[in-house]
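Structure first, then comments.
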Amino acid sequence: MMPEDHSRVGVGFDIHRLVEGRRLVLGGVVVPYEKGLLGHSDADVVLHALTDAILGAAAMPDIGEMFPDTDPRYRDADSRELLTEVVNKVAMRGLSVGNTDVVVHAEAPKLSAHKRDMIGTIAKLLGVPAECVSVKAKTNEGFGAIGCGDAIACTAVVLLVRRSEPQLPARSTRTEAGAHRLPPYEGGMKGG
């Protein structure tokens with residue numbers, strides 16, 4: 001059992017290959033681009049890294065164990081749903097996010113115009129003010145798969161803080177049958 005005043009830090013990382021025919025979702029925001037990220041779910045590297053950072057800070061199993069890509073229930077899963085589920089699980093343990101710092105590693109597309117939307121979406125999903133969320137975008141200066149435009153990666157750091165009492169989870173956003181109740185992403189390309 002953790003002491004009442006104990007804070008915990010977690011780090012998460014994710015990388016996915018860019019391919020044609022998929023929509024690009026970063027930080028819960030659809031970013032217009034001719035390619036999207038390949039993955040079992042919507043392949044949102046930002047929310048995946050953030051989810052892993054929260055799980056790491058709480059000393060819980062990682063995202064691959066909690067939502068395995070071998071489980072058909074998570075095929076085309078909305079990463080906003082997965083993050084919400086994890087936030088609820090750590091809340092049941094008496095923990096909540098204090099702040100997060102996210103670095104998106106992408107040669108293209110340029111993300112400046114989308115950072116504010118990502119911050120707002122992430123803040124809402126975590127239940128924190130926007131001032132507690134930082135999103136930065138960096139290129140790889142032409143090096144490696146990211147620098148060649150073949151992949152996008154994300155590194156996330158999260159501070160979890162102890163609540164005075166465990167919080168009951170927010171209403172689930174996913175039904176047992178896997179139907180999502182979050183607003184759907186706009187755009188016609190397959191997302192996940």
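By convention here, the chains of the structure tokens are called A, B, ... in the order presented, each chain's residues are numbered starting at 1, and ligands are numbered starting at 1 in the order presented.
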Give me, as a list in words, the residues of segment 113-153 of chain A that a backbone DSSP run labels alpha helix (DSSP H).
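The alpha helix (DSSP H) subset of segment 113-153 of chain A is Lys115, Arg116, Asp117, Met118, Ile119, Gly120, Thr121, Ile122, Ala123, Lys124, Leu125, Leu126, Gly144, Ala145, Ile146 and Gly147 of chain A.
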The selected residues should be written to file as a JSON list (two decimals), in the first residue's frame (atoms: N, CA and C atoms).
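To be explicit, this is the file written out as out.json:
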[["chain", "number", "residue", "atom", "x", "y", "z"],
["A", 115, "LYS", "N", -2.15, 20.99, -31.95],
["A", 115, "LYS", "CA", -1.76, 20.78, -30.55],
["A", 115, "LYS", "C", -2.81, 21.26, -29.57],
["A", 116, "ARG", "N", -3.43, 22.38, -29.83],
["A", 116, "ARG", "CA", -4.45, 22.90, -28.89],
["A", 116, "ARG", "C", -5.62, 21.92, -28.77],
["A", 117, "ASP", "N", -6.06, 21.35, -29.91],
["A", 117, "ASP", "CA", -7.15, 20.37, -29.87],
["A", 117, "ASP", "C", -6.72, 19.11, -29.13],
["A", 118, "MET", "N", -5.47, 18.68, -29.34],
["A", 118, "MET", "CA", -4.97, 17.50, -28.63],
["A", 118, "MET", "C", -4.95, 17.75, -27.13],
["A", 119, "ILE", "N", -4.47, 18.92, -26.74],
["A", 119, "ILE", "CA", -4.41, 19.26, -25.32],
["A", 119, "ILE", "C", -5.81, 19.24, -24.71],
["A", 120, "GLY", "N", -6.78, 19.84, -25.39],
["A", 120, "GLY", "CA", -8.15, 19.87, -24.89],
["A", 120, "GLY", "C", -8.75, 18.48, -24.76],
["A", 121, "THR", "N", -8.52, 17.64, -25.77],
["A", 121, "THR", "CA", -9.05, 16.28, -25.74],
["A", 121, "THR", "C", -8.41, 15.47, -24.62],
["A", 122, "ILE", "N", -7.10, 15.55, -24.52],
["A", 122, "ILE", "CA", -6.38, 14.80, -23.48],
["A", 122, "ILE", "C", -6.81, 15.26, -22.09],
["A", 123, "ALA", "N", -6.90, 16.57, -21.89],
["A", 123, "ALA", "CA", -7.31, 17.10, -20.59],
["A", 123, "ALA", "C", -8.70, 16.58, -20.20],
["A", 124, "LYS", "N", -9.60, 16.57, -21.15],
["A", 124, "LYS", "CA", -10.96, 16.09, -20.88],
["A", 124, "LYS", "C", -10.93, 14.60, -20.51],
["A", 125, "LEU", "N", -10.18, 13.81, -21.26],
["A", 125, "LEU", "CA", -10.10, 12.38, -20.98],
["A", 125, "LEU", "C", -9.47, 12.08, -19.62],
["A", 126, "LEU", "N", -8.50, 12.90, -19.23],
["A", 126, "LEU", "CA", -7.81, 12.69, -17.95],
["A", 126, "LEU", "C", -8.53, 13.34, -16.77],
["A", 144, "GLY", "N", 16.27, 7.79, -39.31],
["A", 144, "GLY", "CA", 15.47, 6.62, -38.99],
["A", 144, "GLY", "C", 14.11, 6.59, -39.65],
["A", 145, "ALA", "N", 13.28, 5.64, -39.21],
["A", 145, "ALA", "CA", 11.93, 5.46, -39.78],
["A", 145, "ALA", "C", 11.07, 6.70, -39.59],
["A", 146, "ILE", "N", 11.23, 7.37, -38.46],
["A", 146, "ILE", "CA", 10.45, 8.59, -38.22],
["A", 146, "ILE", "C", 10.92, 9.69, -39.15],
["A", 147, "GLY", "N", 12.22, 9.88, -39.25],
["A", 147, "GLY", "CA", 12.78, 10.92, -40.10],
["A", 147, "GLY", "C", 12.49, 10.72, -41.57]]
Would you mind telling me which residue in A:Phe67, A:Phe13, A:Tyr74, A:Tyr33 lies nearest to Ala153 of chain A when using only C-alpha atoms?
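Looking at the shortest contact to Ala153 of chain A, the residue is A:Phe13.
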Let me make sure I understand: among A:Glu81, A:Ser41, A:Val90, A:Val31, which one has the smallest atom-to-atom distance to Gly64 of chain A if we use only C-alpha atoms?
A:Ser41
Could you pull out the strand (DSSP E or B) residues of segment 45-135 of chain A from DSSP and send them as a list in words?
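DSSP on the backbone gives strand (DSSP E or B) at Leu95, Ser96, Val97, Gly98, Asn99, Thr100, Asp101, Val102, Val103, Val104, His105, Val133, Ser134 and Val135 of chain A.
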Filtering to C-alpha atoms, could you give me those residues as a short mmCIF file (atom, residue, chain, number, x, y, z; two decimals), in the first residue's frame?
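To be explicit, this is the file written out as again35.cif:
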data_model
loop_
_atom_site.label_atom_id
_atom_site.label_comp_id
_atom_site.auth_asym_id
_atom_site.auth_seq_id
_atom_site.Cartn_x
_atom_site.Cartn_y
_atom_site.Cartn_z
CA LEU A 95 -4.92 7.82 -7.85
CA SER A 96 -5.49 10.56 -10.40
CA VAL A 97 -3.39 12.33 -12.99
CA GLY A 98 -1.65 15.46 -11.71
CA ASN A 99 -0.10 16.45 -15.05
CA THR A 100 1.35 15.01 -18.23
CA ASP A 101 4.04 15.95 -20.72
CA VAL A 102 3.83 14.44 -24.21
CA VAL A 103 6.32 14.56 -27.08
CA VAL A 104 5.14 13.50 -30.54
CA HIS A 105 8.01 12.45 -32.83
CA VAL A 133 -1.29 18.89 -20.25
CA SER A 134 1.72 19.69 -22.42
CA VAL A 135 1.99 18.48 -26.02
#
Of the candidates A:Asp69, A:Asp42, A:Glu85, A:Asp52, which shows the shortest atom-to-atom distance to Pro184 of chain A, using only C-alpha atoms?
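Comparing A:Asp69, A:Asp42, A:Glu85, A:Asp52 against Pro184 of chain A, the winner is A:Asp42.
A straight line drawn from atom CA of Lys138 of chain A to atom CA of Ser112 of chain A is 10.2 Å long.
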Judged by only C-alpha atoms, the minimum distance to Glu141 of chain A among A:Cys154, A:Leu47, A:Met92, A:Ala106 is found for A:Ala106
Expressed in Å, the length from atom CA of His40 of chain A to atom CA of Leu159 of chain A is 27.7 Å
